[in-house]
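One file, upload-v1.cif, carrying mmCIF, C-alpha atoms and all ligand atoms:
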```cif
data_coords
#
loop_
_atom_site.label_atom_id
_atom_site.label_comp_id
_atom_site.auth_asym_id
_atom_site.auth_seq_id
_atom_site.Cartn_x
_atom_site.Cartn_y
_atom_site.Cartn_z
CA MET A 1 278.22 15.20 38.36
CA SER A 2 274.44 15.40 37.77
CA PRO A 3 272.78 18.43 39.37
CA THR A 4 270.27 17.86 42.20
CA VAL A 5 266.93 19.72 42.28
CA LEU A 6 264.44 19.67 45.16
CA ILE A 7 260.76 20.12 44.16
CA THR A 8 257.81 20.65 46.49
CA GLY A 9 254.41 19.35 45.39
CA ALA A 10 255.57 16.76 42.87
CA SER A 11 252.78 14.25 43.53
CA LYS A 12 250.71 15.53 40.60
CA GLY A 13 250.11 18.42 38.23
CA ILE A 14 252.84 20.88 37.33
CA GLY A 15 255.28 19.65 40.00
CA LEU A 16 255.08 16.07 38.72
CA ALA A 17 255.58 17.22 35.11
CA ALA A 18 258.56 19.38 36.13
CA ALA A 19 260.10 16.44 38.02
CA GLU A 20 259.72 14.20 34.94
CA SER A 21 261.26 16.79 32.64
CA ILE A 22 264.22 17.39 34.99
CA LEU A 23 264.83 13.64 35.39
CA ALA A 24 264.69 13.14 31.60
CA ASP A 25 267.47 15.73 31.35
CA GLY A 26 269.73 13.55 33.52
CA ALA A 27 269.46 15.51 36.77
CA LYS A 28 268.55 14.09 40.18
CA VAL A 29 265.30 15.07 41.89
CA ILE A 30 264.22 15.11 45.53
CA ALA A 31 260.40 15.38 45.68
CA LEU A 32 258.63 16.63 48.83
CA GLN A 33 254.82 16.33 49.10
CA ARG A 34 252.21 14.96 51.47
CA THR A 35 251.01 12.16 49.17
CA VAL A 36 253.01 9.54 47.31
CA THR A 37 250.84 8.99 44.24
CA PRO A 38 251.06 6.04 41.80
CA ALA A 39 252.29 8.55 39.19
CA LEU A 40 255.20 9.57 41.42
CA GLU A 41 256.00 5.92 42.16
CA ALA A 42 255.96 5.18 38.41
CA LEU A 43 258.45 8.01 37.87
CA SER A 44 260.70 6.52 40.53
CA ALA A 45 260.60 3.15 38.74
CA LYS A 46 261.38 4.82 35.39
CA TYR A 47 264.45 6.66 36.77
CA PRO A 48 265.91 4.24 39.35
CA GLY A 49 268.25 5.95 41.81
CA ALA A 50 267.61 9.42 40.38
CA LEU A 51 264.35 10.29 42.18
CA THR A 52 264.14 10.43 45.98
CA ILE A 53 260.63 10.75 47.37
CA VAL A 54 260.12 12.45 50.75
CA LYS A 55 256.62 12.30 52.19
CA GLY A 56 256.01 15.43 54.22
CA ASP A 57 254.41 18.77 54.71
CA HIS A 58 256.11 22.06 54.08
CA ARG A 59 253.96 24.32 56.25
CA THR A 60 255.66 26.28 59.00
CA PHE A 61 254.79 23.97 61.89
CA SER A 62 257.73 22.47 63.75
CA SER A 63 257.03 18.99 62.39
CA SER A 64 257.08 20.28 58.83
CA ALA A 65 260.39 22.10 59.40
CA LYS A 66 261.71 18.61 60.14
CA ASP A 67 260.25 17.30 56.84
CA VAL A 68 261.88 20.14 54.90
CA SER A 69 265.22 19.77 56.71
CA SER A 70 265.27 16.02 56.03
CA ALA A 71 264.60 16.61 52.35
CA ILE A 72 267.37 19.24 52.12
CA ALA A 73 269.79 17.02 54.05
CA LEU A 74 269.45 14.33 51.36
CA ALA A 75 271.27 16.55 48.84
CA ASP A 76 275.10 16.64 49.04
CA THR A 77 274.92 19.62 46.70
CA LEU A 78 271.68 21.55 46.18
CA ASP A 79 271.73 23.03 42.68
CA GLY A 80 268.11 24.14 42.56
CA VAL A 81 264.78 24.26 44.37
CA VAL A 82 261.35 24.52 42.77
CA LEU A 83 258.86 25.84 45.32
CA ASN A 84 255.66 24.72 43.63
CA ALA A 85 253.29 23.36 46.32
CA ALA A 86 250.35 25.69 46.94
CA LEU A 87 246.82 25.94 48.29
CA ASN A 88 243.97 27.78 46.55
CA LEU A 89 241.08 27.08 48.97
CA PRO A 90 238.94 28.60 50.32
CA TYR A 91 237.48 30.93 47.73
CA GLY A 92 235.45 33.93 48.84
CA ALA A 93 235.12 37.69 48.79
CA ILE A 94 236.99 39.89 51.27
CA ALA A 95 233.63 40.76 52.83
CA THR A 96 232.81 37.18 53.76
CA ILE A 97 235.87 34.89 53.70
CA PRO A 98 236.81 33.61 57.18
CA LEU A 99 240.11 35.16 58.27
CA ASP A 100 241.47 31.66 58.88
CA GLY A 101 240.98 30.98 55.16
CA TYR A 102 243.37 33.82 54.35
CA ARG A 103 245.78 32.58 57.04
CA GLY A 104 245.76 29.00 55.69
CA ILE A 105 246.56 30.10 52.15
CA PHE A 106 249.37 32.44 53.24
CA GLU A 107 250.72 29.70 55.52
CA VAL A 108 251.29 27.29 52.61
CA ASN A 109 251.91 29.72 49.73
CA LEU A 110 254.17 32.26 51.45
CA PHE A 111 255.31 31.60 55.03
CA SER A 112 256.32 28.01 54.29
CA VAL A 113 258.32 29.26 51.32
CA VAL A 114 260.22 31.71 53.55
CA GLN A 115 260.88 28.89 56.06
CA PHE A 116 262.02 26.59 53.26
CA LEU A 117 264.40 29.25 51.92
CA GLN A 118 265.86 29.90 55.38
CA LEU A 119 266.67 26.20 55.67
CA ALA A 120 267.93 25.78 52.09
CA LEU A 121 269.93 28.99 51.51
CA PRO A 122 273.25 27.79 52.99
CA LYS A 123 273.37 24.85 50.53
CA LEU A 124 272.04 26.95 47.66
CA ARG A 125 274.73 29.62 48.21
CA ASN A 126 277.45 26.95 48.25
CA ALA A 127 276.26 25.56 44.93
CA LYS A 128 275.43 28.98 43.40
CA GLY A 129 272.03 27.38 42.95
CA LYS A 130 268.68 28.47 41.56
CA VAL A 131 265.30 29.10 43.16
CA ILE A 132 262.13 28.86 41.06
CA LEU A 133 259.06 30.24 42.83
CA VAL A 134 255.91 28.99 41.09
CA SER A 135 253.67 32.03 41.12
CA SER A 136 250.56 32.94 39.10
CA ALA A 137 249.04 35.56 36.82
CA ALA A 138 246.32 35.72 39.50
CA GLY A 139 248.79 37.87 41.42
CA GLU A 140 248.77 40.49 38.67
CA TYR A 141 245.07 41.41 38.56
CA GLY A 142 242.04 42.06 40.72
CA MET A 143 239.93 38.89 40.59
CA LYS A 144 236.63 38.54 42.39
CA GLY A 145 236.38 35.65 44.88
CA ILE A 146 239.97 34.38 44.63
CA GLY A 147 241.64 37.27 46.44
CA ALA A 148 243.44 35.32 49.20
CA TYR A 149 245.21 33.08 46.69
CA ALA A 150 245.92 36.04 44.37
CA ALA A 151 247.39 38.11 47.23
CA SER A 152 249.62 35.20 48.29
CA LYS A 153 250.97 34.87 44.74
CA ALA A 154 251.54 38.64 44.39
CA ALA A 155 253.51 38.43 47.66
CA LEU A 156 255.49 35.46 46.31
CA THR A 157 256.43 37.38 43.17
CA GLN A 158 257.60 40.24 45.38
CA LEU A 159 259.53 37.82 47.62
CA ASN A 160 261.44 36.81 44.50
CA ARG A 161 262.53 40.41 43.84
CA THR A 162 263.78 40.76 47.42
CA LEU A 163 265.58 37.41 47.33
CA ALA A 164 267.33 38.43 44.11
CA VAL A 165 268.80 41.59 45.65
CA GLU A 166 269.65 40.04 49.02
CA GLU A 167 271.26 36.80 47.79
CA SER A 168 273.93 37.52 45.19
CA ASP A 169 275.16 33.89 45.13
CA ILE A 170 271.86 32.44 43.94
CA THR A 171 269.61 33.00 40.91
CA SER A 172 265.95 33.47 41.86
CA ILE A 173 263.07 33.47 39.36
CA ALA A 174 259.28 33.75 39.77
CA PHE A 175 257.42 31.63 37.21
CA ASN A 176 253.87 31.95 35.86
CA PRO A 177 252.86 28.48 34.56
CA GLY A 178 249.77 29.68 32.63
CA SER A 179 246.32 28.06 32.89
CA VAL A 180 247.09 24.37 33.33
CA ARG A 181 244.92 21.22 33.32
CA THR A 182 245.46 19.98 36.92
CA GLU A 183 243.45 19.17 40.05
CA PHE A 184 244.01 22.76 41.08
CA ALA A 185 242.36 24.02 37.87
CA ALA A 186 239.46 21.58 38.33
CA SER A 187 238.86 23.02 41.79
CA VAL A 188 238.56 26.53 40.37
CA GLU A 189 235.61 25.26 38.33
CA ARG A 190 234.16 23.11 41.15
CA GLU A 191 234.64 25.00 44.43
CA GLY A 192 235.02 28.40 42.78
CA LYS A 193 231.40 28.36 41.57
CA GLY A 194 229.42 31.12 43.23
CA HIS A 195 232.65 32.88 44.30
CA VAL A 196 234.89 33.40 41.31
CA ASP A 197 233.56 35.59 38.49
CA PRO A 198 232.27 33.31 35.63
CA ALA A 199 233.74 35.85 33.21
CA LEU A 200 237.14 34.70 34.55
CA VAL A 201 236.45 30.99 35.07
CA ASP A 202 235.06 30.26 31.58
CA PRO A 203 238.05 31.59 29.58
CA PHE A 204 240.41 29.97 32.13
CA ILE A 205 238.82 26.52 31.69
CA SER A 206 238.59 26.80 27.90
CA SER A 207 242.27 27.70 27.47
CA LEU A 208 243.96 25.06 29.66
CA ILE A 209 247.37 23.76 28.59
CA GLU A 210 248.87 20.40 29.61
CA PRO A 211 251.26 20.30 32.62
CA ASP A 212 254.26 19.17 30.54
CA ILE A 213 254.43 22.64 28.94
CA PRO A 214 255.13 24.58 32.18
CA GLY A 215 257.04 21.48 33.38
CA ARG A 216 259.56 22.01 30.58
CA GLY A 217 259.70 25.74 31.37
CA ILE A 218 260.59 24.98 34.99
CA ARG A 219 263.27 22.50 33.84
CA ASN A 220 264.77 25.10 31.49
CA LEU A 221 264.94 27.70 34.22
CA VAL A 222 266.21 25.52 37.06
CA LEU A 223 268.87 23.77 34.96
CA ARG A 224 269.87 26.40 32.40
CA ALA A 225 269.01 29.98 33.40
CA GLY A 226 271.98 32.32 33.72
CA VAL A 227 272.64 34.68 36.63
CA ASP A 228 271.17 37.52 34.55
CA TYR A 229 267.72 35.93 35.06
CA THR A 230 267.71 36.69 38.75
CA GLY A 231 264.73 38.73 40.01
CA LYS A 232 262.67 38.18 36.85
CA TYR A 233 259.00 37.14 36.75
CA LEU A 234 258.58 34.99 33.63
CA SER A 235 255.64 33.24 31.98
CA TYR A 236 255.84 29.71 30.56
CA ASP A 237 255.63 31.02 26.97
CA ASP A 238 258.21 33.80 27.35
CA PRO A 239 261.04 33.32 24.80
CA LEU A 240 263.48 33.75 27.72
CA VAL A 241 262.02 30.49 29.06
CA THR A 242 261.30 28.50 25.88
CA SER A 243 264.64 29.31 24.18
CA LEU A 244 266.81 27.87 26.99
N1 LIG A 301 246.94 24.88 37.40
C1 LIG A 301 246.93 26.17 37.08
O1 LIG A 301 246.19 26.62 36.19
C2 LIG A 301 247.85 27.13 37.79
C3 LIG A 301 247.85 28.48 37.38
C4 LIG A 301 248.71 29.37 37.99
C5 LIG A 301 249.56 28.93 38.99
N2 LIG A 301 249.55 27.63 39.39
C6 LIG A 301 250.49 27.22 40.46
O2 LIG A 301 251.18 26.05 40.06
C7 LIG A 301 251.57 25.31 41.23
C8 LIG A 301 251.17 23.85 41.08
O3 LIG A 301 249.77 23.80 40.91
P1 LIG A 301 249.02 22.57 40.21
O4 LIG A 301 248.04 23.18 39.29
O5 LIG A 301 250.00 21.59 39.69
O6 LIG A 301 248.23 22.02 41.48
P2 LIG A 301 247.91 20.54 42.00
O7 LIG A 301 247.75 19.61 40.85
O8 LIG A 301 246.80 20.70 42.96
O9 LIG A 301 249.25 20.17 42.79
C9 LIG A 301 249.62 20.84 43.97
C10 LIG A 301 250.81 20.12 44.60
O10 LIG A 301 251.15 20.77 45.83
C11 LIG A 301 251.28 19.78 46.85
N3 LIG A 301 251.00 20.38 48.15
C12 LIG A 301 249.94 21.13 48.50
N4 LIG A 301 250.05 21.51 49.79
C13 LIG A 301 251.22 20.98 50.25
C14 LIG A 301 251.90 21.03 51.50
N5 LIG A 301 251.38 21.67 52.54
N6 LIG A 301 253.09 20.40 51.63
C15 LIG A 301 253.62 19.72 50.58
N7 LIG A 301 253.03 19.66 49.36
C16 LIG A 301 251.83 20.27 49.22
C17 LIG A 301 250.28 18.70 46.42
O11 LIG A 301 250.66 17.44 46.90
P3 LIG A 301 250.01 16.75 48.18
O12 LIG A 301 248.55 17.10 48.19
O13 LIG A 301 250.32 15.34 48.02
O14 LIG A 301 250.78 17.36 49.30
C18 LIG A 301 250.51 18.68 44.91
O15 LIG A 301 251.64 17.90 44.58
C19 LIG A 301 250.92 26.03 42.42
O16 LIG A 301 251.88 26.89 43.01
C20 LIG A 301 249.81 26.87 41.77
O17 LIG A 301 249.51 28.00 42.53
C21 LIG A 301 248.70 26.72 38.82
#
```
Once you've parsed the file, please lay out its structure as structure tokens.
Amino acid sequence: MSPTVLITGASKGIGLAAAESILADGAKVIALQRTVTPALEALSAKYPGALTIVKGDHRTFSSSAKDVSSAIALADTLDGVVLNAALNLPYGAIATIPLDGYRGIFEVNLFSVVQFLQLALPKLRNAKGKVILVSSAAGEYGMKGIGAYAASKAALTQLNRTLAVEESDITSIAFNPGSVRTEFAASVEREGKGHVDPALVDPFISSLIEPDIPGRGIRNLVLRAGVDYTGKYLSYDDPLVTSL
């Protein structure tokens, strides 16, 4: 039977590319995001019956718990989840960023992920499934003006380590997709101006890779990684990812 993978944030960017790569491998995908884009609809037409689109939010409000639960309920067996949806706005220094900005980013990038896992773990344990947490190199360094996002990703990478030791029936991996040409990357250049250090933005923008590269990395991990991968934080170009 084909494996089933649930992806958050598959309307565009890395999530969309990962969904396409997983579908091309013969697996089934359930995609949860707020917007149903023409690109996602085109993917559904290309893989009839294999892609299920759920329009919804995955923040930790009660209505979004319903969206997440409905998406999980669609899978008879849940072989993998790719927790990819994230928010990077607002930018700003610790000295000036409104506290609600920090809260909003942690809400989407961390608390919603914990809520999602709480709802999905029973099915994931049954299937001995995999969890891919899409993190970022931003969580590894001090970066001026993008600290809320960076802190949320550092916390996500740490969440992965905890999940790996607490849940022996699943394989959990944190994934760094690299610098990728997406709407998210465009916003670093646009809204990040005046906040994020130009010494960081310029090399980031000039070294962007296309989303299909991390998309394939996510596919490799969610469909092929062994149990020995659990707890690892891996970049898209790591041989442990590309060789699978
Ligand atoms: N691009 C890069 O250079 C880069 C670098 C490092 C890490 N990353 C990480 O890679 C992941 C994907 O980023 P991307 O570059 O592909 O960004 P993107 O093109 O902006 O896509 C973000 C996706 O998340 C969804 N999303 C956002 N908030 C959501 C919510 N509350 N509920 C459901 N879905 C939501 C968006 O769909 P809707 O708006 O339709 O909901 C969209 O599908 C993120 O975790 C990001 O932190 C990206």
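Residues in contact with Val180 (chain A) at up to 8 Å, not including ones fewer than 6 positions away on its chain and judged by only C-alpha atoms, are Ile14, Leu208, Ile209, Glu210 and Pro211 of chain A.
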Within-6 Å residues of ligand LIG 301 (chain A), basis all atoms listed in the file, as a PyMOL selection string:
chain A and resi 8-15+33-35+57-59+84-87+108+134-136+177-185
Would you compute the box with edges along x, y and z of the file around region 70-85 of chain A, including every atom the file lists for it and 6 Å extra on each side, and give its centre and edge lengths in Å to one decimal, as JSON?
```
{"center_x": 264.2, "center_y": 20.1, "center_z": 49.3, "size_x": 33.8, "size_y": 23.5, "size_z": 25.5}
```
Surrounding residues of Pro203 (chain A) excluding itself and chain neighbours under 6 positions, 12 Å, only C-alpha atoms, as an mmCIF file with C-alpha atoms, keeping the file's coordinate frame:
```
data_model
loop_
_atom_site.group_PDB
_atom_site.id
_atom_site.type_symbol
_atom_site.label_atom_id
_atom_site.label_comp_id
_atom_site.auth_asym_id
_atom_site.auth_seq_id
_atom_site.Cartn_x
_atom_site.Cartn_y
_atom_site.Cartn_z
ATOM 1 C CA SER A 179 246.320 28.060 32.890
ATOM 2 C CA VAL A 188 238.560 26.530 40.370
ATOM 3 C CA GLU A 189 235.610 25.260 38.330
ATOM 4 C CA ASP A 197 233.560 35.590 38.490
#
```
Taking into account all atoms listed in the file, which residue in the set A:Gly142, A:Gly49, A:Pro198, A:Gly231 is nearest to Leu159 (chain A)?
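Ranked by minimum distance to Leu159 (chain A), first place goes to A:Gly231.
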